[in-house]
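Below is one structure, written out as structure tokens; comments come after it.
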Amino acid sequence: MPTKVILDVDTGTDDAVALMTAALSPDLELVGATSVNGNTSIEYTTENTLRVFDFIGMPEVPVYRGIDRPLVRMDVKRGMAARIHGDMLDLPPVSNGARLQPGNAVDWLIETYLASSGDIVLCPVGPLTNIAMAIVKEPRILEFIPEIVIMGGAHDHGNITASAEFNIWLDPEAARIVVNCGAPIRMVPLDATHRALVSTDDAARLRALGTPAGEAAARFVLQRIDGYDATQPMPRRGDALAAPVHDALAVCAIIDPSILTTEHIPVDVEVHADLSLGRTVCDFRFRSGKPGNVHFAMDADEPKFNRMLLEILGRSA
Ligand code: BDR
Ligand code: CA
């Protein structure tokens, strides 16, 4: 039986690869996708999400528009996101019938979870605004969420600041609500995603698959490598340049948890500080005296990740 999953996305180049992986994997049933402000504005993250499903011939996947700004903070800064994602993805306008569902993402999440049998994994790969809002509005949904698999956080080093990872930093108050919500949480932070890079050689292999998803993924991986090389170069793979494809790793971890090495530890989010705003504070030595609330990944299996992308994105709808 495929695992049911909902993706919450700020699409975005790596979100797009995550969406295609979730939609095409025979091991997952993608119940729907919700958009959120993040890599770019909600107008673009929503339109990009529709274009991804339309391009791979799966216009029927329901897409709901989410919240257009962080929960508390009025200012929206995006830092390096613009260089790595742009606003509109390099995909044609919708022509196969993908269209936005009426209603908003938060209410759809609440209704869908309350009507479920507690079997839909929630996978947020953008700022946690929609998820926090749904939990605050209807805390009973927590009884119906078997696991939240989050792409976000960083222990060793940040990307948007020295301390913080982009998704958590953009809406730290929302992230704090979610990591403390009590549901089982697996976190796929930069510590893991930077250990599972996708290279220019891997992009050539994706393109050679000859499928719409392989072509789109190759495009986005190359765009990411270009952006990373300009802003935060990653270690090469032989002669090839490479970049993380963060959000797709979170989806692969739902399909095959062995792709990550995790530790169950207390994790909280800094919401008061200046230099370390949005930092995921990881209590590896249990100094707080609290029990673990997050399975936090510090490593990932790069060859397995690339094998999974090739196998899944070689499929057509
Ligand atoms: C995360 O931030 C976004 O730019 C990416 O889509 C990913 O979800 C990585 O820090
Ligand atoms: Ca994202």
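Numbering starts fresh at 1 for the residues of each chain in the structure tokens, the chains themselves are lettered A, B, ... in the order given, and ligands are numbered from 1 as they appear.
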
Surroundings of ligand 2 up to 6 Å, based on only C-alpha atoms and all ligand atoms, as a PyMOL selection string: chain A and resi 9-10+15+125-126+247

As a PyMOL selection string, please: every protein or nucleic acid residue near ligand 1 (cut-off 8 Å, counting only C-alpha atoms and all ligand atoms). chain A and resi 9-15+38-39+80-81+84-85+125-127+151-153+159-160+165-167+189-190+245-247

Using only C-alpha atoms, which residues sit within 9 Å of range 234-244 of chain A once same-chain residues fewer than 2 positions away are excluded, as JSON, numbers by chain? {"A": [14, 190, 193, 194, 195, 196, 197, 198, 199, 200, 201, 202, 221, 222, 224, 225, 226, 227, 228, 229, 232, 246, 247, 249]}

List as a ChimeraX atom specification the protein and nucleic acid residues near Ala174 in chain A, meaning an atom at most 6 Å away when only C-alpha atoms are counted, but skip any in the same chain fewer than 3 places from it. /A:128-129,132,171,177

Selection near Glu29 in chain A, 8 Å with only C-alpha atoms, sequence-local residues under 5 positions removed, as a PDB file with all heavy atoms, in the first residue's frame:
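Below you can see selection.pdb, which holds the result:
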ATOM      1  N   PRO A   2       0.684   2.150  -0.956  1.00  0.00           N
ATOM      2  CA  PRO A   2       1.479   3.380  -0.930  1.00  0.00           C
ATOM      3  C   PRO A   2       1.180   4.225   0.308  1.00  0.00           C
ATOM      4  O   PRO A   2       0.067   4.197   0.827  1.00  0.00           O
ATOM      5  CB  PRO A   2       1.050   4.112  -2.204  1.00  0.00           C
ATOM      6  CG  PRO A   2      -0.040   3.338  -2.832  1.00  0.00           C
ATOM      7  CD  PRO A   2      -0.259   2.075  -2.064  1.00  0.00           C
ATOM      8  N   THR A   3       2.180   4.950   0.779  1.00  0.00           N
ATOM      9  CA  THR A   3       2.012   5.853   1.917  1.00  0.00           C
ATOM     10  C   THR A   3       1.368   7.149   1.423  1.00  0.00           C
ATOM     11  O   THR A   3       1.834   7.758   0.464  1.00  0.00           O
ATOM     12  CB  THR A   3       3.391   6.186   2.531  1.00  0.00           C
ATOM     13  OG1 THR A   3       4.008   4.961   2.921  1.00  0.00           O
ATOM     14  CG2 THR A   3       3.271   7.112   3.729  1.00  0.00           C
ATOM     15  N   LYS A   4       0.299   7.558   2.095  1.00  0.00           N
ATOM     16  CA  LYS A   4      -0.345   8.829   1.729  1.00  0.00           C
ATOM     17  C   LYS A   4       0.499   9.994   2.242  1.00  0.00           C
ATOM     18  O   LYS A   4       1.017   9.931   3.368  1.00  0.00           O
ATOM     19  CB  LYS A   4      -1.747   8.914   2.327  1.00  0.00           C
ATOM     20  CG  LYS A   4      -2.716   7.934   1.720  1.00  0.00           C
ATOM     21  CD  LYS A   4      -4.092   8.145   2.309  1.00  0.00           C
ATOM     22  CE  LYS A   4      -5.036   7.076   1.785  1.00  0.00           C
ATOM     23  NZ  LYS A   4      -6.333   7.124   2.447  1.00  0.00           N
ATOM     24  N   VAL A   5       0.576  11.055   1.432  1.00  0.00           N
ATOM     25  CA  VAL A   5       1.394  12.201   1.833  1.00  0.00           C
ATOM     26  C   VAL A   5       0.787  13.499   1.302  1.00  0.00           C
ATOM     27  O   VAL A   5       0.174  13.518   0.231  1.00  0.00           O
ATOM     28  CB  VAL A   5       2.862  12.009   1.329  1.00  0.00           C
ATOM     29  CG1 VAL A   5       2.932  11.921  -0.173  1.00  0.00           C
ATOM     30  CG2 VAL A   5       3.784  13.087   1.832  1.00  0.00           C
ATOM     31  N   ALA A  22       7.266  12.931  -5.382  1.00  0.00           N
ATOM     32  CA  ALA A  22       6.101  12.449  -4.622  1.00  0.00           C
ATOM     33  C   ALA A  22       4.978  12.013  -5.553  1.00  0.00           C
ATOM     34  O   ALA A  22       4.301  11.011  -5.310  1.00  0.00           O
ATOM     35  CB  ALA A  22       5.610  13.539  -3.672  1.00  0.00           C
ATOM     36  N   ALA A  23       4.775  12.763  -6.635  1.00  0.00           N
ATOM     37  CA  ALA A  23       3.663  12.447  -7.544  1.00  0.00           C
ATOM     38  C   ALA A  23       3.924  11.160  -8.320  1.00  0.00           C
ATOM     39  O   ALA A  23       2.989  10.403  -8.603  1.00  0.00           O
ATOM     40  CB  ALA A  23       3.449  13.611  -8.517  1.00  0.00           C
TER      41      ALA A  23
END

Students should find that CA of Arg69 in chain A and CA of Ala273 in chain A are spaced 20.4 Å
